[in-house]
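Student: Enclosed is the structure file target37.cif (mmCIF, C-alpha atoms).
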```
data_run
#
loop_
_atom_site.label_atom_id
_atom_site.label_comp_id
_atom_site.auth_asym_id
_atom_site.auth_seq_id
_atom_site.Cartn_x
_atom_site.Cartn_y
_atom_site.Cartn_z
CA MET A 1 58.18 103.75 104.77
CA GLN A 2 58.87 100.15 105.87
CA GLN A 3 62.22 100.19 104.03
CA ILE A 4 63.22 103.48 105.65
CA ILE A 5 62.31 102.25 109.14
CA PHE A 6 64.18 99.00 108.51
CA ILE A 7 67.37 100.68 107.28
CA VAL A 8 67.39 103.33 110.02
CA LEU A 9 66.69 100.83 112.80
CA THR A 10 69.27 98.34 111.55
CA GLY A 11 71.85 101.10 111.17
CA ILE A 12 71.30 102.37 114.73
CA VAL A 13 71.56 98.87 116.21
CA SER A 14 74.69 98.11 114.16
CA PHE A 15 76.35 101.33 115.33
CA PHE A 16 75.73 100.76 119.02
CA ALA A 17 76.62 97.06 118.75
CA TYR A 18 79.93 97.98 117.09
CA LYS A 19 80.71 100.42 119.92
CA LYS A 20 79.92 97.85 122.59
CA PHE A 21 81.87 95.05 120.92
CA SER A 22 84.80 97.45 120.54
CA GLN A 23 84.69 98.05 124.29
CA ILE A 24 84.79 94.32 124.94
CA TYR A 25 87.81 93.98 122.65
CA ARG A 26 89.44 96.87 124.54
CA ASN A 27 88.76 95.12 127.86
CA ILE A 28 90.26 91.86 126.61
CA MET A 29 93.39 93.67 125.45
CA LEU A 30 93.96 95.05 128.97
CA GLY A 31 95.88 91.84 129.54
CA LYS A 32 99.52 91.18 128.69
CA SER A 33 100.62 89.93 125.31
CA SER A 34 100.84 86.17 125.02
CA ASP A 35 102.73 83.82 122.72
CA MET A 36 100.12 82.32 120.40
CA SER A 37 102.55 80.45 118.18
CA GLY A 38 101.90 76.79 117.53
CA ASP A 39 100.57 74.35 114.99
CA ALA A 40 97.90 76.23 113.02
CA ALA A 41 96.53 72.95 111.66
CA GLN A 42 95.96 71.68 115.20
CA ARG A 43 94.26 74.95 116.13
CA TRP A 44 91.86 74.71 113.18
CA GLN A 45 91.19 71.08 114.02
CA ASN A 46 90.19 72.17 117.53
CA VAL A 47 87.85 74.80 116.06
CA ILE A 48 86.18 72.26 113.76
CA TYR A 49 85.75 69.53 116.37
CA VAL A 50 85.26 71.52 119.58
CA ALA A 51 83.70 74.84 118.52
CA PHE A 52 81.74 73.86 115.40
CA GLY A 53 81.33 70.16 116.19
CA GLN A 54 80.43 70.61 119.89
CA LYS A 55 82.57 67.54 120.63
CA LYS A 56 83.06 68.12 124.34
CA MET A 57 79.37 68.89 124.91
CA PHE A 58 78.50 65.22 124.38
CA LYS A 59 80.15 64.07 127.58
CA ASN A 60 76.71 64.89 129.02
CA TRP A 61 74.26 63.58 126.43
CA ILE A 62 70.90 64.94 127.59
CA PRO A 63 71.69 68.67 127.59
CA ALA A 64 74.02 68.18 124.62
CA ILE A 65 71.22 66.93 122.35
CA PHE A 66 68.89 69.80 123.24
CA HIS A 67 71.72 72.32 122.94
CA LEU A 68 72.46 70.87 119.50
CA PHE A 69 68.86 71.55 118.42
CA ILE A 70 69.22 75.25 119.30
CA TYR A 71 72.76 75.50 117.91
CA VAL A 72 71.94 73.97 114.49
CA ALA A 73 68.70 75.96 114.27
CA PHE A 74 70.70 79.12 114.98
CA LEU A 75 73.11 78.34 112.13
CA PHE A 76 70.40 77.51 109.58
CA THR A 77 68.14 80.44 110.41
CA GLN A 78 70.91 82.79 109.31
CA VAL A 79 69.86 81.94 105.73
CA GLU A 80 66.36 83.24 106.42
CA LEU A 81 67.81 86.23 108.27
CA ILE A 82 69.93 87.16 105.24
CA GLU A 83 66.79 87.00 103.10
CA ILE A 84 64.90 89.20 105.59
CA ILE A 85 67.69 91.80 105.43
CA ILE A 86 67.65 91.79 101.60
CA ASP A 87 63.83 92.02 101.57
CA GLY A 88 63.93 94.86 104.10
CA VAL A 89 66.53 96.93 102.22
CA PHE A 90 65.12 96.49 98.70
CA GLY A 91 61.41 96.18 99.52
CA VAL A 92 61.01 92.74 97.94
CA HIS A 93 59.41 89.55 99.24
CA ARG A 94 61.07 86.12 99.44
CA PHE A 95 64.09 87.25 97.42
CA PHE A 96 65.73 83.81 97.19
CA ALA A 97 62.57 81.84 96.24
CA PRO A 98 62.59 82.45 92.45
CA PHE A 99 66.31 81.66 92.17
CA LEU A 100 66.42 78.49 94.29
CA GLY A 101 63.09 76.87 93.46
CA GLY A 102 62.71 73.49 95.14
CA LEU A 103 65.97 73.98 97.05
CA TYR A 104 64.40 77.02 98.71
CA THR A 105 61.48 74.88 99.87
CA LEU A 106 63.93 72.34 101.30
CA ILE A 107 65.99 74.99 103.10
CA ILE A 108 63.01 76.75 104.72
CA SER A 109 61.43 73.39 105.59
CA SER A 110 64.67 72.38 107.31
CA ILE A 111 64.68 75.67 109.20
CA GLU A 112 61.09 75.05 110.34
CA VAL A 113 61.85 71.53 111.58
CA LEU A 114 64.95 72.75 113.38
CA SER A 115 63.01 75.69 114.83
CA LEU A 116 60.40 73.27 116.21
CA LEU A 117 63.16 71.18 117.80
CA ALA A 118 64.72 74.38 119.18
CA LEU A 119 61.32 75.29 120.64
CA VAL A 120 61.18 71.94 122.44
CA ALA A 121 64.76 72.42 123.68
CA THR A 122 63.91 75.91 124.95
CA PHE A 123 61.07 74.59 127.10
CA VAL A 124 63.36 71.81 128.37
CA PHE A 125 66.03 74.32 129.39
CA LEU A 126 63.48 76.57 131.09
CA TYR A 127 62.25 73.52 133.01
CA ARG A 128 65.79 72.44 133.96
CA ARG A 129 66.72 75.89 135.24
CA ASN A 130 63.55 76.95 137.01
CA LEU A 131 61.64 73.82 138.04
CA LEU A 132 64.03 70.85 138.02
CA ARG A 133 66.78 73.16 139.35
CA VAL A 134 69.79 71.17 138.19
CA PRO A 135 72.45 71.72 140.92
CA ARG A 136 75.10 73.30 138.69
CA LEU A 137 72.50 75.78 137.38
CA VAL A 138 71.42 77.12 140.79
CA LYS A 139 74.75 77.87 142.48
CA SER A 140 75.08 81.10 144.46
CA GLU A 141 77.21 82.84 141.81
CA LEU A 142 74.22 82.66 139.44
CA ASN A 143 71.89 84.59 141.73
CA GLY A 144 70.55 87.84 140.31
CA TRP A 145 71.57 88.91 136.82
CA PRO A 146 73.15 85.60 135.61
CA LYS A 147 69.92 83.69 136.27
CA LEU A 148 67.79 86.41 134.68
CA ASP A 149 70.17 86.57 131.71
CA ALA A 150 69.75 82.85 130.99
CA ASN A 151 65.96 83.08 131.16
CA LEU A 152 65.79 86.22 129.00
CA ILE A 153 67.68 84.48 126.20
CA LEU A 154 65.35 81.48 126.37
CA ILE A 155 62.32 83.79 126.24
CA GLY A 156 63.91 85.52 123.25
CA GLU A 157 64.23 82.11 121.58
CA LEU A 158 60.50 81.53 122.08
CA LEU A 159 59.70 84.87 120.45
CA LEU A 160 62.07 84.16 117.55
CA VAL A 161 60.42 80.82 116.75
CA THR A 162 56.98 82.42 117.14
CA GLY A 163 57.98 85.04 114.56
CA ILE A 164 59.19 82.41 112.09
CA PHE A 165 56.02 80.31 112.22
CA THR A 166 53.69 83.33 112.25
CA MET A 167 55.41 84.77 109.18
CA ASN A 168 55.58 81.50 107.24
CA GLY A 169 52.10 80.36 108.30
CA ALA A 170 50.34 83.54 107.16
CA ASP A 171 52.47 83.62 104.01
CA SER A 172 51.41 80.08 103.05
CA VAL A 173 47.74 81.15 103.16
CA LEU A 174 48.38 84.40 101.27
CA GLN A 175 50.06 82.47 98.44
CA GLY A 176 46.65 81.04 97.52
CA ILE A 177 44.90 84.42 97.78
CA ASP A 178 47.40 86.84 96.20
CA PRO A 179 49.99 84.88 94.16
CA THR A 180 51.21 88.09 92.49
CA HIS A 181 52.65 89.53 95.71
CA TYR A 182 53.12 86.21 97.53
CA PRO A 183 54.78 83.81 95.03
CA ASP A 184 54.48 80.06 95.41
CA THR A 185 57.35 78.69 97.51
CA GLY A 186 56.18 75.08 97.67
CA ARG A 187 54.89 73.28 100.73
CA PHE A 188 56.98 73.98 103.81
CA ALA A 189 57.29 71.13 106.30
CA ILE A 190 55.25 72.73 109.09
CA SER A 191 53.71 76.05 108.04
CA SER A 192 51.98 74.49 104.98
CA TRP A 193 49.52 72.79 107.34
CA PHE A 194 50.00 75.00 110.40
CA GLY A 195 49.15 78.19 108.47
CA PRO A 196 45.79 77.13 107.03
CA ALA A 197 44.83 75.50 110.33
CA ILE A 198 45.43 78.70 112.36
CA PHE A 199 44.99 81.53 109.87
CA GLY A 200 42.79 79.92 107.20
CA GLY A 201 39.59 81.83 108.02
CA MET A 202 41.10 85.31 108.23
CA GLU A 203 40.55 88.20 105.84
CA PRO A 204 43.42 89.10 103.43
CA GLU A 205 44.14 92.39 105.21
CA SER A 206 44.39 90.59 108.55
CA LEU A 207 46.64 87.94 107.03
CA MET A 208 48.95 90.61 105.65
CA PHE A 209 49.12 92.20 109.09
CA VAL A 210 49.91 88.83 110.72
CA GLU A 211 52.58 88.06 108.11
CA ARG A 212 54.22 91.46 108.62
CA PHE A 213 53.91 91.06 112.39
CA GLY A 214 55.82 87.75 112.22
CA TRP A 215 58.42 89.29 109.89
CA TRP A 216 59.03 92.29 112.16
CA LEU A 217 58.94 90.16 115.32
CA HIS A 218 61.67 87.93 113.90
CA LEU A 219 63.75 90.95 112.88
CA LEU A 220 63.28 92.88 116.14
CA VAL A 221 64.23 89.84 118.24
CA VAL A 222 67.41 89.45 116.17
CA LEU A 223 68.27 93.15 116.49
CA GLY A 224 67.46 93.04 120.20
CA PHE A 225 69.68 89.98 120.57
CA ILE A 226 72.58 91.74 118.82
CA SER A 227 72.19 94.76 121.13
CA TYR A 228 71.84 92.57 124.22
CA LEU A 229 74.65 90.14 123.42
CA PRO A 230 77.56 92.25 124.80
CA TYR A 231 75.85 92.24 128.22
CA SER A 232 75.10 88.53 128.20
CA LYS A 233 76.93 85.27 128.78
CA HIS A 234 75.75 84.38 125.27
CA LEU A 235 78.67 86.39 123.96
CA HIS A 236 80.21 82.92 123.74
CA ILE A 237 78.26 82.41 120.49
CA PHE A 238 80.94 84.55 118.82
CA LEU A 239 83.91 84.34 121.18
CA ALA A 240 83.94 80.54 121.53
CA PHE A 241 85.55 80.18 118.11
CA PRO A 242 88.59 82.46 118.64
CA ASN A 243 88.85 81.18 122.21
CA VAL A 244 89.13 77.59 120.99
CA TYR A 245 91.53 78.57 118.21
CA PHE A 246 93.91 80.30 120.64
CA SER A 247 93.61 77.65 123.36
CA LYS A 248 96.81 76.16 124.76
CA LEU A 249 98.43 73.37 122.75
CA THR A 250 100.84 72.50 125.56
CA PRO A 251 100.03 69.71 128.06
CA ARG A 252 97.38 70.58 130.64
CA GLY A 253 98.84 71.93 133.85
CA GLU A 254 102.13 73.02 132.29
CA MET A 255 102.95 76.29 134.02
CA GLU A 256 104.33 79.40 132.36
CA ASN A 257 108.06 79.76 132.94
CA MET A 258 109.37 82.68 135.03
CA PRO A 259 112.82 83.68 133.68
CA GLU A 260 113.77 85.58 136.86
CA ILE A 261 113.21 82.49 139.03
CA MET A 262 114.84 80.16 136.53
CA ASN A 263 117.99 82.27 136.28
CA GLU A 264 118.20 82.64 140.05
CA VAL A 265 118.06 78.86 140.45
CA LYS A 266 120.66 78.40 137.72
CA SER A 267 122.92 80.88 139.47
CA ILE A 268 122.60 79.01 142.79
CA LEU A 269 123.42 75.73 141.05
CA GLY A 270 126.43 77.24 139.31
CA MET A 271 124.86 76.99 135.87
CA GLU A 272 125.07 79.65 133.17
CA SER A 273 122.09 82.02 133.39
CA ASP A 274 120.67 84.79 131.22
CA THR A 275 121.26 87.95 133.25
CA SER A 276 119.49 90.07 130.62
CA ALA A 277 116.18 88.56 131.73
CA THR A 278 116.46 90.20 135.13
CA SER A 279 115.10 93.68 135.76
CA GLY A 280 118.31 95.50 136.63
CA GLY A 281 118.28 94.84 140.36
CA GLU A 282 114.67 95.87 140.79
CA MET A 283 112.55 93.22 142.46
CA PRO A 284 110.02 92.01 139.85
CA GLU A 285 106.42 91.17 140.62
CA PHE A 286 105.58 87.54 140.07
CA GLY A 287 102.16 86.19 139.17
CA SER A 288 99.02 88.27 138.77
CA LYS A 289 97.39 90.77 141.07
CA ASP A 290 94.92 92.26 138.60
CA VAL A 291 93.70 91.77 135.03
CA PHE A 292 96.66 93.83 133.76
CA ASP A 293 98.94 90.99 134.94
CA LEU A 294 96.92 88.25 133.25
CA SER A 295 97.34 87.51 129.55
CA TRP A 296 94.73 88.75 127.08
CA LYS A 297 93.91 85.09 126.48
CA ASN A 298 92.97 84.68 130.16
CA ILE A 299 90.54 87.60 129.80
CA LEU A 300 89.21 86.21 126.51
CA ASN A 301 88.53 82.99 128.43
CA ALA A 302 86.47 84.96 130.94
CA TYR A 303 84.38 86.71 128.29
CA SER A 304 83.87 83.40 126.45
CA CYS A 305 82.50 81.64 129.54
CA THR A 306 79.02 80.20 128.98
CA GLU A 307 78.39 79.88 132.74
CA CYS A 308 77.27 76.30 132.12
CA GLY A 309 78.92 75.18 135.37
CA ARG A 310 80.46 71.97 134.08
CA CYS A 311 83.81 73.09 135.50
CA SER A 312 82.38 73.62 138.99
CA ALA A 313 80.30 70.43 138.81
CA ASP A 314 83.50 68.41 138.20
CA CYS A 315 85.73 70.33 140.63
CA PRO A 316 86.63 68.06 143.59
CA ALA A 317 87.11 71.07 145.86
CA ASN A 318 83.63 72.35 145.01
CA LEU A 319 82.12 68.87 145.39
CA THR A 320 83.50 68.58 148.92
CA GLY A 321 81.90 71.86 149.99
CA LYS A 322 84.88 74.18 149.66
CA LYS A 323 84.37 77.74 148.50
CA LEU A 324 86.12 77.34 145.14
CA SER A 325 83.99 77.51 141.99
CA PRO A 326 86.01 77.70 138.74
CA ARG A 327 82.98 79.23 137.02
CA LYS A 328 82.90 82.06 139.58
CA ILE A 329 86.62 82.67 139.01
CA MET A 330 85.99 83.32 135.32
CA MET A 331 82.91 85.45 136.03
CA ASP A 332 84.91 87.53 138.53
CA ILE A 333 87.72 88.14 136.03
CA ARG A 334 85.17 89.24 133.42
CA ASP A 335 83.45 91.56 135.91
CA ARG A 336 86.75 93.09 136.98
CA ALA A 337 87.88 93.64 133.37
CA THR A 338 84.52 95.26 132.59
CA GLU A 339 84.78 97.52 135.64
CA ILE A 340 88.27 98.68 134.70
CA GLY A 341 87.30 99.19 131.07
CA ASN A 342 84.29 101.31 132.03
CA ASN A 343 86.35 103.40 134.45
CA ILE A 344 89.06 104.06 131.87
CA ALA A 345 86.41 104.97 129.29
CA SER A 346 84.95 107.48 131.75
CA GLY A 347 88.28 109.36 131.75
CA ASP A 348 87.86 110.24 135.44
CA LEU A 349 91.33 111.07 136.78
CA LYS A 350 90.36 109.93 140.28
CA TYR A 351 91.35 106.47 138.99
CA ALA A 352 94.87 107.63 138.03
CA LYS A 353 97.84 106.27 140.01
CA THR A 354 99.31 109.71 140.74
CA LYS A 355 96.23 111.81 141.39
CA ASP A 356 98.33 114.83 142.48
CA ASN A 357 100.40 114.86 139.31
CA THR A 358 98.99 117.64 137.15
CA ASP A 359 100.88 116.31 134.11
CA ILE A 360 98.37 113.47 133.74
CA LYS A 361 95.75 114.57 131.28
CA THR A 362 94.35 111.24 130.14
CA LEU A 363 93.46 108.11 132.07
CA THR A 364 94.96 104.99 130.50
CA ALA A 365 95.61 101.38 131.43
CA ASP A 366 99.22 102.32 132.27
CA ASN A 367 98.30 104.88 134.93
CA TYR A 368 95.09 103.23 136.18
CA ASP A 369 94.68 102.50 139.90
CA ASP A 370 91.33 102.36 141.66
CA GLY A 371 92.75 100.81 144.83
CA LYS A 372 91.25 97.42 144.06
CA SER A 373 92.48 94.20 142.49
CA LEU A 374 91.28 90.72 141.60
CA PHE A 375 91.76 89.77 145.24
CA ASP A 376 88.75 91.98 146.02
CA TYR A 377 86.69 89.69 143.77
CA ILE A 378 88.34 86.33 144.37
CA SER A 379 89.08 85.36 147.97
CA ARG A 380 92.32 83.70 148.99
CA GLU A 381 90.28 80.85 150.42
CA GLU A 382 89.04 80.07 146.90
CA LEU A 383 92.57 80.12 145.50
CA HIS A 384 93.94 77.88 148.25
CA ALA A 385 91.19 75.28 147.76
CA CYS A 386 92.32 74.46 144.21
CA THR A 387 94.10 71.09 143.93
CA THR A 388 95.37 71.85 140.37
CA CYS A 389 93.82 68.59 139.16
CA ASN A 390 92.71 70.12 135.83
CA ALA A 391 89.18 68.69 136.14
CA CYS A 392 87.74 72.12 135.29
CA VAL A 393 89.95 72.42 132.21
CA GLU A 394 88.91 68.98 131.01
CA ALA A 395 85.22 69.69 131.59
CA CYS A 396 84.92 73.01 129.69
CA PRO A 397 83.17 72.55 126.33
CA ILE A 398 85.07 75.48 124.74
CA LEU A 399 88.56 74.88 126.20
CA ILE A 400 88.55 77.60 128.86
CA ASP A 401 91.37 77.22 131.40
CA PRO A 402 90.28 78.47 134.86
CA LEU A 403 93.38 76.92 136.43
CA GLU A 404 95.87 79.32 134.83
CA PRO A 405 94.62 82.54 136.50
CA ILE A 406 94.30 80.66 139.80
CA LEU A 407 97.98 79.65 139.62
CA LYS A 408 99.02 83.16 138.58
CA MET A 409 97.22 84.70 141.56
CA ARG A 410 98.75 82.14 143.92
CA ARG A 411 102.16 82.95 142.51
CA TYR A 412 101.59 86.63 143.29
CA GLU A 413 100.46 85.85 146.81
CA ILE A 414 103.38 83.54 147.59
CA LEU A 415 106.27 85.04 145.62
CA THR A 416 105.44 88.76 145.66
CA GLU A 417 103.55 89.14 148.93
CA SER A 418 105.43 86.32 150.75
CA ALA A 419 102.03 85.26 152.03
CA GLY A 420 99.96 82.12 151.84
CA PRO A 421 98.22 79.62 154.09
CA GLY A 422 100.00 78.93 157.36
CA ASP A 423 100.14 75.20 156.74
CA TRP A 424 101.97 75.77 153.44
CA VAL A 425 104.89 77.63 155.06
CA PRO A 426 106.57 74.52 156.56
CA MET A 427 106.47 72.93 153.11
CA PHE A 428 108.17 75.95 151.52
CA THR A 429 110.78 76.02 154.30
CA ALA A 430 111.46 72.30 153.91
CA MET A 431 111.82 72.71 150.13
CA GLU A 432 114.28 75.56 150.63
CA ASN A 433 116.38 73.85 153.28
CA GLY A 434 116.18 70.18 152.36
CA GLY A 435 114.93 70.02 148.79
CA CYS A 436 111.91 68.02 149.95
CA VAL A 437 108.33 68.88 150.87
CA TRP A 438 108.66 66.88 154.09
CA GLN A 439 110.71 68.26 156.97
CA MET A 440 113.85 66.13 157.23
CA PRO A 441 116.93 66.49 159.45
CA VAL A 442 119.24 66.21 156.41
CA GLU A 443 119.09 67.32 152.82
CA ARG A 444 117.17 65.02 150.53
CA GLU A 445 120.21 64.34 148.35
CA ALA A 446 122.62 63.69 151.27
CA TRP A 447 122.54 59.91 150.76
CA ARG A 448 124.31 60.32 147.40
CA ALA A 449 127.46 61.56 149.13
CA GLU A 450 127.52 58.42 151.30
CA VAL A 451 127.17 56.18 148.25
#
```
What does the file become when written as structure tokens?

Tutor:
Amino acid sequence: MQQIIFIVLTGIVSFFAYKKFSQIYRNIMLGKSSDMSGDAAQRWQNVIYVAFGQKKMFKNWIPAIFHLFIYVAFLFTQVELIEIIIDGVFGVHRFFAPFLGGLYTLIISSIEVLSLLALVATFVFLYRRNLLRVPRLVKSELNGWPKLDANLILIGELLLVTGIFTMNGADSVLQGIDPTHYPDTGRFAISSWFGPAIFGGMEPESLMFVERFGWWLHLLVVLGFISYLPYSKHLHIFLAFPNVYFSKLTPRGEMENMPEIMNEVKSILGMESDTSATSGGEMPEFGSKDVFDLSWKNILNAYSCTECGRCSADCPANLTGKKLSPRKIMMDIRDRATEIGNNIASGDLKYAKTKDNTDIKTLTADNYDDGKSLFDYISREELHACTTCNACVEACPILIDPLEPILKMRRYEILTESAGPGDWVPMFTAMENGGCVWQMPVEREAWRAEV
């Protein structure tokens, strides 16, 4: 019966998790295609050092050390999880123990030590978020669900560690009572003394119940985590690696070229231009108004965001009290992509661009229009506050680039809408008339004619 329940439950969770992760992939691919060419060796080096090695985390040592405890524990406990899955499917107990011998004892002991360190780190993070209230962890954009999300994951970590020690502790006592069903696995680092101290006086039937309780608790927390992950910022556990791999290899702050603008400037200067890059006389839209105009990599950035707030904590605009928060920018892009994805999945034709056109039978990304855009999520005041200093890009531990969508939205506002802050207009006029950001009575290059 236990095997049947295990297989059915795991199958159901896997099915719904696959559906949800497929939806996230669909949302990411709402963006435009993007050139991901570049040095593959450099990309893999970034993955090893930044994603696996947590290199950029250690610019802030205190949280980095505690995060490392949880991260390494997460990696090592996958060995025990694999064993739990095998035990659950085939109805065996401690499948790897007979094959690995002393190595098995070392592996599980390492997992226990790391789990204890992760337990300490979990309490530290709960304290930092809820009692110490570190400034970057209590910003307004984290009110509501983001704050609850962070605490739920930490509570889940407590339950996971509880399951591990309950299972191993009861098992260590049962090995001395019923060695036939509970084979000797050696002395684990913590449960070999923790188990007898807590469970030593219990009856065998009670011990078996406690051991199974710990086993199922561990499994159910893992399955719950898999089901919950698509709704959580902890999606970065998986997405951080492709996000780092596909991160920009060009210098920070280098803007994407716009062929239409480039060819127009070449034409004005009498240089040869590529007329095929223009859109046949139709005025193109520059920059980004919605997630459809961003690249899929920009949206992947948003879904990879850990909401750690290092970007906002280092942003000079944010530090001086301005409205801009790079973290909020990424959260808003993710929320908008999710909203669009859910609306398209609903198939409701009220979101179609031409609602009166009876030929439209299916709602798609190409005919989607709900009357909103990213500007309904991100205010122009936030966009204008950015100084393009790249502090947020430098600070992100998984190479997210909040600056790129900010620049794309500003491009749309200025080049497509011919809008922008009033105090920027004189600068644009001066650039157009005199080739200089300062208003001058003559062109900037006029002195060359005199020479």

Student: Can you list, as a PyMOL selection string, every protein, DNA or RNA residue that comes within 10 Å of Glu256 (chain A) when you count all atoms listed in the file, leaving out same-chain residues fewer than 3 positions away?

Tutor: chain A and resi 253+259+287+404+407-408

Student: Given the choices A:Asn301, A:Ser191, A:Ser288, A:Ser346, which gets closest to His236 (chain A) if the distance is worked out from all atoms listed in the file?

Tutor: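 Of A:Asn301, A:Ser191, A:Ser288, A:Ser346, the one nearest His236 (chain A) is A:Asn301, counting all atoms listed in the file.
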
Student: Starting from the shown file, work through the PyMOL selection byres ((chain A and resi 201-213) around 12) and note down what comes out as JSON, numbers by chain.

Tutor: {"A": [2, 84, 87, 88, 93, 159, 160, 162, 163, 164, 165, 166, 167, 168, 169, 170, 171, 172, 173, 174, 175, 176, 177, 178, 181, 182, 195, 196, 197, 198, 199, 200, 214, 215, 216, 217, 218, 219, 220, 221]}

Student: Using the chain letters and numbers from the file, which residues does the PyMOL selection byres ((chain A and resi 409-414) around 7) grab, as a ChimeraX atom specification?

Tutor: /A:286-289,383,405-408,415-420

Student: Rank A:Ala446, A:Ile70, A:Ile107, A:Leu239 by their smallest atom-to-atom distance to Ala121 (chain A), using all atoms listed in the file, and report the top residue only.

Tutor: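 Closest residue, counting all atoms listed in the file: A:Ile70.
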
Student: Taking the file as I've supplied it (selection: the PyMOL selection byres ((chain A and resi 105) around 7)), which residues are included? Please answer as a list of chain:residue names.

Tutor: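 For this structure, the PyMOL selection byres ((chain A and resi 105) around 7) captures A:Gly101, A:Gly102, A:Leu103, A:Tyr104, A:Leu106, A:Ile107, A:Ile108, A:Ser109, A:Thr185, A:Gly186, A:Arg187, A:Phe188.
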
Student: Could you save those same residues with C-alpha atoms as a short mmCIF file (atom, residue, chain, number, x, y, z; two decimals), in the coordinates of the input?

Tutor:
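What ended up in part.cif:
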```cif
data_model
loop_
_atom_site.label_atom_id
_atom_site.label_comp_id
_atom_site.auth_asym_id
_atom_site.auth_seq_id
_atom_site.Cartn_x
_atom_site.Cartn_y
_atom_site.Cartn_z
CA GLY A 101 63.09 76.87 93.46
CA GLY A 102 62.71 73.49 95.14
CA LEU A 103 65.97 73.98 97.05
CA TYR A 104 64.40 77.02 98.71
CA LEU A 106 63.93 72.34 101.30
CA ILE A 107 65.99 74.99 103.10
CA ILE A 108 63.01 76.75 104.72
CA SER A 109 61.43 73.39 105.59
CA THR A 185 57.35 78.69 97.51
CA GLY A 186 56.18 75.08 97.67
CA ARG A 187 54.89 73.28 100.73
CA PHE A 188 56.98 73.98 103.81
#
```

Student: Can you tell me how far CA of Leu319 (chain A) sits from CA of Arg133 (chain A), in Å to one decimal?

Tutor: 17.0 Å

Student: What does the distance between CA of Thr320 (chain A) and CA of Ala64 (chain A) come to in Å, to one decimal place?

Tutor: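 If I compute the distance from CA of Thr320 (chain A) to CA of Ala64 (chain A), I get 26.1 Å.
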
Student: For Thr354 (chain A), which of A:Ser232, A:Asn298, A:Gln439, A:Asn367 is the closest residue, counting all atoms listed in the file?

Tutor: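 Nearest candidate to Thr354 (chain A) out of A:Ser232, A:Asn298, A:Gln439, A:Asn367: A:Asn367.
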
Student: Please report the interatomic distance between CA of Ile268 (chain A) and CA of Gly435 (chain A) in Å with one decimal.

Tutor: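 These two atoms are separated by 13.3 Å.
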
Student: Would you kindly return, as an MDAnalysis selection string, each protein, DNA or RNA residue with an atom no farther than 7 Å from any atom of region 324-340 of chain A, considering only C-alpha atoms and excluding same-chain residues fewer than 5 positions away?

Tutor: chainID A and resid 27 141 291 299 302:303 305 307 309 311:312 317:318 374 377:378 382 385:386 392 402
